[in-house]
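K.L.:
As input, take query19.cif (mmCIF, N, CA and C atoms):
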```cif
data_structure
#
loop_
_atom_site.label_atom_id
_atom_site.label_comp_id
_atom_site.auth_asym_id
_atom_site.auth_seq_id
_atom_site.Cartn_x
_atom_site.Cartn_y
_atom_site.Cartn_z
N MET W 296 0.84 -1.18 0.00
CA MET W 296 0.00 0.00 0.00
C MET W 296 0.88 1.24 0.00
N THR W 297 0.32 2.21 -0.59
CA THR W 297 1.08 3.46 -0.65
C THR W 297 0.83 4.28 0.60
N GLN W 298 1.59 5.31 0.76
CA GLN W 298 1.47 6.17 1.92
C GLN W 298 0.11 6.86 1.96
N MET W 299 -0.38 7.23 0.82
CA MET W 299 -1.67 7.95 0.75
C MET W 299 -2.82 7.04 1.16
N GLN W 300 -2.78 5.79 0.70
CA GLN W 300 -3.84 4.85 1.06
C GLN W 300 -3.83 4.58 2.56
N ARG W 301 -2.67 4.48 3.15
CA ARG W 301 -2.58 4.25 4.59
C ARG W 301 -3.17 5.44 5.37
N ASN W 302 -2.90 6.64 4.92
CA ASN W 302 -3.45 7.84 5.57
C ASN W 302 -4.98 7.83 5.50
N GLU W 303 -5.49 7.44 4.36
CA GLU W 303 -6.95 7.41 4.19
C GLU W 303 -7.56 6.34 5.08
N GLN W 304 -6.94 5.20 5.19
CA GLN W 304 -7.46 4.17 6.06
C GLN W 304 -7.39 4.59 7.52
N MET W 305 -6.40 5.37 7.87
CA MET W 305 -6.30 5.89 9.23
C MET W 305 -7.42 6.91 9.48
N ARG W 306 -7.72 7.71 8.48
CA ARG W 306 -8.79 8.70 8.64
C ARG W 306 -10.16 8.04 8.68
N PHE W 307 -10.39 7.00 7.92
CA PHE W 307 -11.68 6.32 7.83
C PHE W 307 -11.54 4.83 8.14
N PRO W 308 -11.14 4.46 9.35
CA PRO W 308 -10.90 3.04 9.62
C PRO W 308 -12.19 2.25 9.76
N ALA W 309 -13.23 2.81 10.31
CA ALA W 309 -14.46 2.07 10.58
C ALA W 309 -15.28 1.87 9.32
N LEU W 310 -15.09 2.71 8.35
CA LEU W 310 -15.91 2.63 7.15
C LEU W 310 -15.55 1.40 6.32
N GLY W 311 -14.33 1.10 6.21
CA GLY W 311 -13.90 -0.03 5.41
C GLY W 311 -14.18 0.17 3.94
N ILE W 312 -14.23 1.41 3.52
CA ILE W 312 -14.53 1.74 2.13
C ILE W 312 -13.21 1.87 1.38
N PRO W 313 -13.16 1.31 0.20
CA PRO W 313 -11.92 1.47 -0.59
C PRO W 313 -11.65 2.94 -0.88
N SER W 314 -10.42 3.27 -0.99
CA SER W 314 -10.02 4.68 -1.17
C SER W 314 -10.53 5.25 -2.49
N SER W 315 -10.71 4.44 -3.49
CA SER W 315 -11.18 4.95 -4.78
C SER W 315 -12.61 5.49 -4.65
N GLN W 316 -13.46 4.84 -3.84
CA GLN W 316 -14.82 5.32 -3.63
C GLN W 316 -14.83 6.60 -2.82
N ILE W 317 -13.94 6.72 -1.85
CA ILE W 317 -13.87 7.92 -1.03
C ILE W 317 -13.51 9.11 -1.90
N GLN W 318 -12.60 8.91 -2.79
CA GLN W 318 -12.20 10.00 -3.68
C GLN W 318 -13.36 10.40 -4.59
N SER W 319 -14.12 9.44 -5.09
CA SER W 319 -15.21 9.79 -5.99
C SER W 319 -16.33 10.52 -5.24
N GLU W 320 -16.55 10.18 -3.96
CA GLU W 320 -17.55 10.88 -3.16
C GLU W 320 -17.12 12.31 -2.90
N GLU W 321 -15.82 12.50 -2.63
CA GLU W 321 -15.32 13.85 -2.41
C GLU W 321 -15.44 14.69 -3.67
N GLU W 322 -15.18 14.09 -4.79
CA GLU W 322 -15.29 14.80 -6.06
C GLU W 322 -16.75 15.10 -6.38
N SER W 323 -17.65 14.16 -6.07
CA SER W 323 -19.06 14.38 -6.39
C SER W 323 -19.68 15.44 -5.50
N SER W 324 -19.15 15.61 -4.28
CA SER W 324 -19.69 16.64 -3.40
C SER W 324 -19.36 18.03 -3.91
N ASN W 325 -18.31 18.15 -4.69
CA ASN W 325 -17.91 19.45 -5.26
C ASN W 325 -18.73 19.79 -6.50
N LEU W 326 -19.37 18.83 -7.09
CA LEU W 326 -20.14 19.08 -8.29
C LEU W 326 -21.45 19.79 -7.96
N ILE W 327 -21.94 20.59 -8.88
CA ILE W 327 -23.22 21.27 -8.72
C ILE W 327 -24.32 20.31 -9.14
N LYS W 328 -25.27 20.11 -8.23
CA LYS W 328 -26.36 19.19 -8.53
C LYS W 328 -27.54 19.97 -9.09
N PRO W 329 -28.19 19.45 -10.11
CA PRO W 329 -29.33 20.19 -10.68
C PRO W 329 -30.53 20.18 -9.74
N HIS W 330 -31.28 21.28 -9.73
CA HIS W 330 -32.48 21.39 -8.91
C HIS W 330 -33.70 21.02 -9.74
N LYS W 331 -34.70 20.51 -9.05
CA LYS W 331 -35.95 20.18 -9.71
C LYS W 331 -36.64 21.49 -10.11
N PRO W 332 -37.09 21.62 -11.34
CA PRO W 332 -37.72 22.87 -11.76
C PRO W 332 -39.05 23.08 -11.02
N LEU W 333 -39.35 24.35 -10.71
CA LEU W 333 -40.58 24.68 -10.00
C LEU W 333 -41.77 24.56 -10.93
N SER W 334 -42.81 23.99 -10.42
CA SER W 334 -44.05 23.89 -11.19
C SER W 334 -44.80 25.20 -11.08
N PRO W 335 -45.28 25.78 -12.16
CA PRO W 335 -46.01 27.04 -12.07
C PRO W 335 -47.31 26.88 -11.26
N LEU W 336 -47.84 25.67 -11.28
CA LEU W 336 -49.06 25.43 -10.52
C LEU W 336 -48.78 25.50 -9.02
N ASN W 337 -47.72 24.86 -8.57
CA ASN W 337 -47.37 24.87 -7.14
C ASN W 337 -46.90 26.24 -6.67
N ALA W 338 -46.33 27.03 -7.56
CA ALA W 338 -45.80 28.33 -7.19
C ALA W 338 -46.90 29.38 -7.07
N SER W 339 -48.09 29.14 -7.61
CA SER W 339 -49.15 30.16 -7.60
C SER W 339 -49.73 30.34 -6.20
N ARG W 340 -50.16 31.55 -5.90
CA ARG W 340 -50.72 31.89 -4.58
C ARG W 340 -52.02 31.14 -4.33
N SER W 341 -52.86 31.02 -5.34
CA SER W 341 -54.14 30.34 -5.15
C SER W 341 -53.93 28.87 -4.80
N HIS W 342 -52.96 28.25 -5.45
CA HIS W 342 -52.68 26.85 -5.16
C HIS W 342 -52.16 26.70 -3.73
N GLN W 343 -51.29 27.62 -3.29
CA GLN W 343 -50.76 27.56 -1.93
C GLN W 343 -51.88 27.75 -0.90
N ALA W 344 -52.79 28.69 -1.18
CA ALA W 344 -53.90 28.94 -0.25
C ALA W 344 -54.81 27.71 -0.17
N LEU W 345 -55.08 27.10 -1.32
CA LEU W 345 -55.91 25.90 -1.34
C LEU W 345 -55.25 24.77 -0.57
N HIS W 346 -53.96 24.60 -0.76
CA HIS W 346 -53.23 23.55 -0.06
C HIS W 346 -53.26 23.78 1.45
N LYS W 347 -53.09 25.03 1.87
CA LYS W 347 -53.12 25.36 3.29
C LYS W 347 -54.50 25.07 3.88
N GLU W 348 -55.55 25.42 3.14
CA GLU W 348 -56.91 25.16 3.62
C GLU W 348 -57.17 23.66 3.74
N LEU W 349 -56.70 22.89 2.78
CA LEU W 349 -56.87 21.44 2.84
C LEU W 349 -56.16 20.86 4.05
N GLN W 350 -54.98 21.36 4.35
CA GLN W 350 -54.26 20.87 5.52
C GLN W 350 -55.02 21.18 6.80
N MET W 351 -55.58 22.38 6.90
CA MET W 351 -56.31 22.77 8.11
C MET W 351 -57.56 21.91 8.29
N THR W 352 -58.30 21.67 7.21
CA THR W 352 -59.51 20.85 7.34
C THR W 352 -59.14 19.42 7.70
N HIS W 353 -58.04 18.94 7.17
CA HIS W 353 -57.60 17.59 7.52
C HIS W 353 -57.26 17.51 9.00
N LYS W 354 -56.56 18.52 9.53
CA LYS W 354 -56.22 18.53 10.96
C LYS W 354 -57.48 18.56 11.81
N ARG W 355 -58.46 19.36 11.40
CA ARG W 355 -59.70 19.45 12.15
C ARG W 355 -60.42 18.10 12.16
N ARG W 356 -60.44 17.44 11.02
CA ARG W 356 -61.11 16.15 10.91
C ARG W 356 -60.40 15.10 11.77
N VAL W 357 -59.09 15.14 11.78
CA VAL W 357 -58.32 14.19 12.58
C VAL W 357 -58.60 14.42 14.06
N ALA W 358 -58.74 15.69 14.47
CA ALA W 358 -59.03 16.00 15.87
C ALA W 358 -60.42 15.50 16.25
N GLN W 359 -61.35 15.52 15.32
CA GLN W 359 -62.71 15.06 15.60
C GLN W 359 -62.81 13.55 15.61
N GLU W 360 -61.82 12.89 15.07
CA GLU W 360 -61.87 11.43 14.99
C GLU W 360 -61.87 10.80 16.38
N GLY W 361 -61.48 11.56 17.40
CA GLY W 361 -61.49 11.04 18.76
C GLY W 361 -62.90 10.70 19.21
N LYS W 362 -63.89 11.38 18.65
CA LYS W 362 -65.28 11.12 19.00
C LYS W 362 -65.86 10.15 17.97
N ASN W 363 -66.71 9.29 18.44
CA ASN W 363 -67.31 8.37 17.48
C ASN W 363 -68.47 9.08 16.77
N GLU W 364 -68.97 8.44 15.75
CA GLU W 364 -69.97 9.07 14.88
C GLU W 364 -71.28 9.33 15.63
N LEU W 365 -71.67 8.43 16.51
CA LEU W 365 -72.90 8.60 17.27
C LEU W 365 -72.82 9.84 18.17
N ARG W 366 -71.71 10.01 18.84
CA ARG W 366 -71.54 11.17 19.73
C ARG W 366 -71.60 12.47 18.94
N ARG W 367 -70.94 12.50 17.78
CA ARG W 367 -70.97 13.71 16.94
C ARG W 367 -72.40 14.00 16.49
N ALA W 368 -73.15 12.97 16.12
CA ALA W 368 -74.53 13.16 15.67
C ALA W 368 -75.39 13.70 16.81
N LEU W 369 -75.21 13.17 18.01
CA LEU W 369 -75.98 13.65 19.16
C LEU W 369 -75.65 15.10 19.49
N GLU W 370 -74.37 15.45 19.44
CA GLU W 370 -73.98 16.83 19.72
C GLU W 370 -74.55 17.77 18.67
N LYS W 371 -74.54 17.33 17.43
CA LYS W 371 -75.10 18.16 16.36
C LYS W 371 -76.60 18.35 16.56
N ARG W 372 -77.30 17.31 16.95
CA ARG W 372 -78.74 17.39 17.18
C ARG W 372 -79.05 18.34 18.35
N LYS W 373 -78.28 18.24 19.43
CA LYS W 373 -78.47 19.14 20.58
C LYS W 373 -78.27 20.58 20.16
N TRP W 374 -77.21 20.83 19.39
CA TRP W 374 -76.91 22.18 18.96
C TRP W 374 -78.05 22.72 18.09
N GLU W 375 -78.56 21.90 17.17
CA GLU W 375 -79.66 22.33 16.30
C GLU W 375 -80.92 22.63 17.12
N GLN W 376 -81.21 21.81 18.13
CA GLN W 376 -82.38 22.05 18.97
C GLN W 376 -82.25 23.36 19.73
N LYS W 377 -81.07 23.63 20.26
CA LYS W 377 -80.84 24.89 20.98
C LYS W 377 -81.05 26.08 20.05
N MET W 378 -80.51 25.98 18.86
CA MET W 378 -80.66 27.07 17.90
C MET W 378 -82.13 27.28 17.53
N LYS W 379 -82.87 26.19 17.37
CA LYS W 379 -84.28 26.30 17.01
C LYS W 379 -85.07 26.95 18.14
N THR W 380 -84.81 26.57 19.39
CA THR W 380 -85.53 27.18 20.51
C THR W 380 -85.20 28.66 20.63
N ARG W 381 -83.95 29.04 20.40
CA ARG W 381 -83.59 30.46 20.42
C ARG W 381 -84.34 31.23 19.35
N GLN W 382 -84.38 30.66 18.15
CA GLN W 382 -85.08 31.34 17.06
C GLN W 382 -86.56 31.46 17.37
N ASP W 383 -87.16 30.42 17.95
CA ASP W 383 -88.58 30.48 18.31
C ASP W 383 -88.84 31.55 19.36
N GLN W 384 -87.96 31.64 20.34
CA GLN W 384 -88.13 32.66 21.38
C GLN W 384 -88.01 34.06 20.80
N GLU W 385 -87.02 34.27 19.94
CA GLU W 385 -86.85 35.58 19.32
C GLU W 385 -88.06 35.94 18.46
N GLU W 386 -88.56 34.97 17.74
CA GLU W 386 -89.72 35.21 16.89
C GLU W 386 -90.95 35.52 17.74
N ALA W 387 -91.10 34.81 18.85
CA ALA W 387 -92.24 35.06 19.74
C ALA W 387 -92.15 36.47 20.33
N LYS W 388 -90.97 36.92 20.66
CA LYS W 388 -90.80 38.28 21.19
C LYS W 388 -91.16 39.32 20.14
N ARG W 389 -90.77 39.07 18.91
CA ARG W 389 -91.07 40.02 17.83
C ARG W 389 -92.56 40.08 17.52
N ASN W 390 -93.24 38.95 17.59
CA ASN W 390 -94.64 38.87 17.20
C ASN W 390 -95.61 39.14 18.35
N MET W 391 -95.10 39.59 19.49
CA MET W 391 -95.95 39.79 20.66
C MET W 391 -96.81 41.05 20.47
N SER W 392 -98.09 40.94 20.75
CA SER W 392 -98.99 42.09 20.64
C SER W 392 -98.82 42.99 21.87
N PRO W 393 -99.29 44.23 21.81
CA PRO W 393 -99.17 45.12 22.98
C PRO W 393 -99.88 44.56 24.21
N LEU W 394 -101.01 43.91 24.03
CA LEU W 394 -101.73 43.32 25.16
C LEU W 394 -100.87 42.24 25.83
N GLN W 395 -100.25 41.38 25.02
CA GLN W 395 -99.39 40.34 25.58
C GLN W 395 -98.19 40.94 26.31
N GLN W 396 -97.65 42.02 25.78
CA GLN W 396 -96.52 42.67 26.43
C GLN W 396 -96.92 43.21 27.80
N GLU W 397 -98.10 43.85 27.87
CA GLU W 397 -98.58 44.37 29.15
C GLU W 397 -98.85 43.25 30.15
N LEU W 398 -99.43 42.15 29.66
CA LEU W 398 -99.69 41.02 30.55
C LEU W 398 -98.38 40.43 31.09
N LEU W 399 -97.39 40.38 30.24
CA LEU W 399 -96.09 39.86 30.66
C LEU W 399 -95.45 40.78 31.72
N LYS W 400 -95.55 42.09 31.49
CA LYS W 400 -95.00 43.04 32.49
C LYS W 400 -95.72 42.89 33.82
N ARG W 401 -97.05 42.74 33.78
CA ARG W 401 -97.83 42.59 35.01
C ARG W 401 -97.45 41.31 35.74
N GLN W 402 -97.28 40.24 34.97
CA GLN W 402 -96.89 38.96 35.57
C GLN W 402 -95.52 39.09 36.26
N GLN W 403 -94.60 39.77 35.63
CA GLN W 403 -93.28 39.95 36.22
C GLN W 403 -93.36 40.80 37.49
N ARG W 404 -94.20 41.85 37.48
CA ARG W 404 -94.36 42.67 38.69
C ARG W 404 -94.94 41.85 39.83
N LEU W 405 -95.95 41.01 39.52
CA LEU W 405 -96.55 40.18 40.56
C LEU W 405 -95.54 39.19 41.14
N GLU W 406 -94.73 38.61 40.28
CA GLU W 406 -93.70 37.68 40.76
C GLU W 406 -92.70 38.40 41.66
N ASN W 407 -92.32 39.62 41.27
CA ASN W 407 -91.39 40.39 42.11
C ASN W 407 -92.03 40.71 43.47
N MET W 408 -93.31 41.07 43.46
CA MET W 408 -93.99 41.38 44.72
C MET W 408 -94.07 40.15 45.62
N GLU W 409 -94.31 38.97 45.01
CA GLU W 409 -94.35 37.73 45.79
C GLU W 409 -92.99 37.44 46.42
N LYS W 410 -91.93 37.68 45.67
CA LYS W 410 -90.59 37.45 46.20
C LYS W 410 -90.31 38.39 47.37
N VAL W 411 -90.69 39.65 47.22
CA VAL W 411 -90.48 40.62 48.30
C VAL W 411 -91.31 40.21 49.51
N GLY W 412 -92.55 39.76 49.28
CA GLY W 412 -93.42 39.33 50.38
C GLY W 412 -92.83 38.14 51.12
N LYS W 413 -92.27 37.21 50.40
CA LYS W 413 -91.65 36.04 51.05
C LYS W 413 -90.44 36.47 51.86
N ASP W 414 -89.68 37.42 51.32
CA ASP W 414 -88.51 37.91 52.07
C ASP W 414 -88.94 38.58 53.36
N LYS W 415 -90.04 39.34 53.29
CA LYS W 415 -90.52 40.04 54.50
C LYS W 415 -91.08 39.06 55.52
N GLN W 416 -91.68 37.99 55.05
CA GLN W 416 -92.22 37.00 55.99
C GLN W 416 -91.10 36.30 56.74
N GLU W 417 -89.97 36.20 56.13
CA GLU W 417 -88.85 35.56 56.78
C GLU W 417 -88.23 36.47 57.84
N GLU W 418 -88.47 37.80 57.76
CA GLU W 418 -87.95 38.73 58.75
C GLU W 418 -88.71 38.55 60.07
N PRO W 419 -88.08 38.91 61.17
CA PRO W 419 -88.80 38.86 62.46
C PRO W 419 -89.98 39.85 62.45
N GLU W 420 -90.95 39.57 63.29
CA GLU W 420 -92.19 40.36 63.28
C GLU W 420 -91.95 41.80 63.70
N PHE W 421 -91.04 42.04 64.64
CA PHE W 421 -90.83 43.40 65.11
C PHE W 421 -90.26 44.30 64.01
N LEU W 422 -89.48 43.72 63.06
CA LEU W 422 -88.97 44.51 61.94
C LEU W 422 -90.09 44.87 60.98
N GLN W 423 -91.04 43.95 60.78
CA GLN W 423 -92.19 44.22 59.90
C GLN W 423 -93.03 45.35 60.48
N VAL W 424 -93.27 45.32 61.81
CA VAL W 424 -94.07 46.36 62.46
C VAL W 424 -93.36 47.70 62.35
N LYS W 425 -92.05 47.69 62.55
CA LYS W 425 -91.27 48.92 62.47
C LYS W 425 -91.37 49.52 61.07
N GLU W 426 -91.31 48.68 60.05
CA GLU W 426 -91.43 49.13 58.66
C GLU W 426 -92.79 49.75 58.40
N ARG W 427 -93.85 49.14 58.92
CA ARG W 427 -95.20 49.68 58.73
C ARG W 427 -95.32 51.04 59.40
N LEU W 428 -94.76 51.19 60.59
CA LEU W 428 -94.80 52.47 61.29
C LEU W 428 -94.05 53.55 60.52
N ARG W 429 -92.94 53.18 59.98
CA ARG W 429 -92.15 54.13 59.20
C ARG W 429 -92.96 54.63 57.99
N ARG W 430 -93.65 53.73 57.31
CA ARG W 430 -94.48 54.11 56.15
C ARG W 430 -95.60 55.07 56.56
N THR W 431 -96.27 54.78 57.63
CA THR W 431 -97.41 55.63 58.05
C THR W 431 -96.93 56.99 58.46
N THR W 432 -95.79 57.11 59.11
CA THR W 432 -95.30 58.42 59.55
C THR W 432 -94.88 59.24 58.35
N VAL W 433 -94.32 58.64 57.35
CA VAL W 433 -93.90 59.36 56.14
C VAL W 433 -95.14 59.86 55.40
N LEU W 434 -96.18 59.07 55.32
CA LEU W 434 -97.39 59.47 54.61
C LEU W 434 -98.09 60.64 55.31
N LYS W 435 -98.10 60.67 56.62
CA LYS W 435 -98.77 61.74 57.35
C LYS W 435 -98.02 63.07 57.22
N GLU W 436 -96.73 63.03 57.18
CA GLU W 436 -95.94 64.26 57.10
C GLU W 436 -96.07 64.93 55.75
N VAL W 437 -96.29 64.20 54.73
CA VAL W 437 -96.35 64.76 53.39
C VAL W 437 -97.66 65.40 53.14
#
```
Now that the file is in, can you turn its structure into structure tokens?
P.N.:
Amino acid sequence: MTQMQRNEQMRFPALGIPSSQIQSEEESSNLIKPHKPLSPLNASRSHQALHKELQMTHKRRVAQEGKNELRRALEKRKWEQKMKTRQDQEEAKRNMSPLQQELLKRQQRLENMEKVGKDKQEEPEFLQVKERLRRTTVLKEV
């Protein structure tokens, strides 16, 4: 073996590659390799946007795969029912006549009065009497 071959084997002992192949690899690394030409279709903005959108929808679908089909159908049905009830309520509010609006206001006032009455009943009796006295004294002064 020549001195050069021994040096190469010392530099690359584990490879066990003949020196002629090492030289050809070194020479090939210096060569310019041709690049694949760009496709005008792939380079266009619309194609890139479409590709990005497809990737996002695929990711979303993969994330939903954790749920089985029955669960997705039930969730969709619940959501549709909620939306329908909201729309019905909004439509009922829009189509309410003035008489119905007044009746609704009266009903709400009565409910509020009942709540206040229940709160007062829970108070001790001496506080209720004190409140009544306060009202009568204010009315007489005016």
K.L.:
Using atom C of Arg340 (chain W) and atom N of Thr352 (chain W) as the two end points, give the distance in Å to one decimal.
P.N.:
16.2 Å
K.L.:
Figure out the distance between CA of Val411 (chain W) and CA of Val424 (chain W), please, to one decimal in Å.
P.N.:
15.7 Å
K.L.:
In Å, rounded to a single decimal, give me how far atom N of Met408 (chain W) is from atom N of Arg429 (chain W).
P.N.:
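So the answer is 20.5 Å.
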K.L.:
Would you please extract all helix (DSSP H, G or I) residues from region 319-391 of chain W, as assigned by DSSP on the backbone, and give them as number ranges by chain?
P.N.:
W: 319-325, 335-338, 340-359, 364-389
